[in-house]
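Undergrad: Here you go, one structure.
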Amino acid sequence: MNSMLARRLVRTVPVSIRQMPRGRAFGCSAACRQPSAEPPQENSTTHFGFKTVPKEMKESLVRNVFSNVASNYDVMNDAMSMGIHRLWKDHFIHKMAPAPGAKLLDVAGGTGDIAQRFLEYQDSTNGDSTSSVHMVDINPDMLREGERRFADSKWQQQNRIDFTVGNAEKLEFIEDNSFDVYTIAFGIRNCTHPDQVVREAYRVLKPGGRFMCLEFSRVSNPVLAAIYDMHSFYVIPKLGELIANDRQSYEYLVESIRKFPAQDEFAHIIRDAGFTTIGKGYENLTFGTVAIHSGYKF
């Protein structure tokens, strides 16, 4: 009788158990007690700021936002951050400390300020004229702003920079193991599947290559967080309205920051993709307003 009951129990246990939501203790929850025979369905919606939209719509919605802001992007960055974004980006490049001859893939490269800082660093610090940048952005209007930045530069004349319109989640035009450094600055939070972006970064980097991400993050101090929220939700949209005649796009950009994973959660995504991180895997800047995430492909 006991052996017959055991056989019946074995037949009723599912082959795989649905993954528990992150943060929940693994125990005998209702999900364990009542397993579903149906395979888990991928959620067909995602966030666009604070709105919920079908996943297939987000890419075009984000593209429209950045087409709207492209011509005023650099001016608005100065206004929104009171110029501090320049210090963040300078620190980002110095933390990278690229080796001479390094090949950089700058994804969501936008107007090219990360690419320019990289090339300036290589020229001035390493005395290097062989390093190069491949800039990728899903938005052709943003990429054209980058092309304008480099149009008459020595780097363009030396064929050390090129540009491709492409999706960070699907870099089919990039071969495996082909770049030394991968950067994405203030771009990954706008992607539908940030985890897929990080996996693509791992694929295209050479062994020993480095993934670096500069992104808005979470302020932990409650007093500073309240000040930051006031600046974000009231000042930034108003600046967008006054400078760029576009309040709505800047409301989305602020909302997208709040929907992006916190520092520790994103560091976990980076490690899940295969990267090795040092310490906690990130450095907070300006009280956590932004964070630099880093991982190595070993």
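Residues are referred to by chain and number: the chain letter is A, B, ... according to the order shown in the structure tokens, the number counts from 1 in that chain, and ligands are numbered separately from 1 in the order shown.
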Can you check which residues of segment 25-229 of chain A DSSP gives as strand (DSSP E) on the backbone and send them as JSON, numbers by chain?
TA: {"A": [45, 46, 47, 48, 51, 52, 53, 54, 103, 104, 105, 106, 107, 132, 133, 134, 135, 136, 137, 161, 162, 163, 164, 165, 179, 180, 181, 182, 183, 184, 185, 205, 206, 207, 208, 209, 210, 211, 212, 213, 214, 215, 216]}
Undergrad: Applying 8 Å and only C-alpha atoms, which residues near Arg271 of chain A remain after dropping the ones on its own chain fewer than 5 positions away? List them as a PDB file with N, CA, C and O atoms, in the first residue's frame.
TA:
ATOM      1  N   THR A 276      32.049  38.668 -13.740  1.00  0.00           N
ATOM      2  CA  THR A 276      32.639  38.680 -12.404  1.00  0.00           C
ATOM      3  C   THR A 276      32.703  40.121 -11.922  1.00  0.00           C
ATOM      4  O   THR A 276      33.221  40.987 -12.644  1.00  0.00           O
ATOM      5  N   THR A 277      32.174  40.390 -10.739  1.00  0.00           N
ATOM      6  CA  THR A 277      32.229  41.737 -10.192  1.00  0.00           C
ATOM      7  C   THR A 277      33.201  41.773  -9.023  1.00  0.00           C
ATOM      8  O   THR A 277      33.450  40.758  -8.367  1.00  0.00           O
ATOM      9  N   GLY A 295      31.686  44.910 -14.573  1.00  0.00           N
ATOM     10  CA  GLY A 295      31.882  43.475 -14.505  1.00  0.00           C
ATOM     11  C   GLY A 295      32.896  43.028 -15.543  1.00  0.00           C
ATOM     12  O   GLY A 295      33.047  43.676 -16.594  1.00  0.00           O
TER      13      GLY A 295
END
Undergrad: Give the helix (DSSP H, G or I) residues of segment 51-232 of chain A, as DSSP finds them on the backbone, and put them as a ChimeraX atom specification.
TA: /A:55-81,84-96,113-125,140-150,154-157,188-190,194-204,222-232
Undergrad: Figure out the distance between atom CA of Ser256 of chain A and atom CA of Arg189 of chain A, please, to one decimal in Å.
TA: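 Computing it gives 6.6 Å between the two atoms.
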Undergrad: Need the shell around Ser249 of chain A: protein/DNA/RNA residues with any atom at most 9 Å away, counting only C-alpha atoms. Skip same-chain ones fewer than 2 positions apart. Format as a ChimeraX atom specification?
TA: /A:64-66,68-69,237,240,246-247,251-254
Undergrad: Out of A:Glu215, A:Glu255, A:Glu241, A:Glu169, which residue has the shortest atom-to-atom distance to Val136 of chain A when counting only C-alpha atoms?
TA: A:Glu169
Undergrad: Determine, counting only C-alpha atoms, which protein, DNA and RNA residues have an atom within 10 Å of an atom of Lys280 of chain A; residues of the same chain fewer than 3 positions away are not included. Present the result as a list in words.
TA: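 The neighbour list is Gln263, Asp264, Ala267, His268, Thr277, Glu283, His293 and Ser294 of chain A.
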Undergrad: Restricted to C-alpha atoms, what would the selected residues look like written as a PDB file, in the first residue's frame?
TA:
ATOM      1  CA  GLN A 263      21.924  49.009  -7.308  1.00  0.00           C
ATOM      2  CA  ASP A 264      22.142  45.576  -5.700  1.00  0.00           C
ATOM      3  CA  ALA A 267      24.513  44.038  -9.878  1.00  0.00           C
ATOM      4  CA  HIS A 268      22.840  40.637  -9.511  1.00  0.00           C
ATOM      5  CA  THR A 277      32.229  41.737 -10.192  1.00  0.00           C
ATOM      6  CA  GLU A 283      30.106  52.646  -7.054  1.00  0.00           C
ATOM      7  CA  HIS A 293      28.367  49.223 -12.494  1.00  0.00           C
ATOM      8  CA  SER A 294      31.267  47.113 -13.669  1.00  0.00           C
TER       9      SER A 294
END
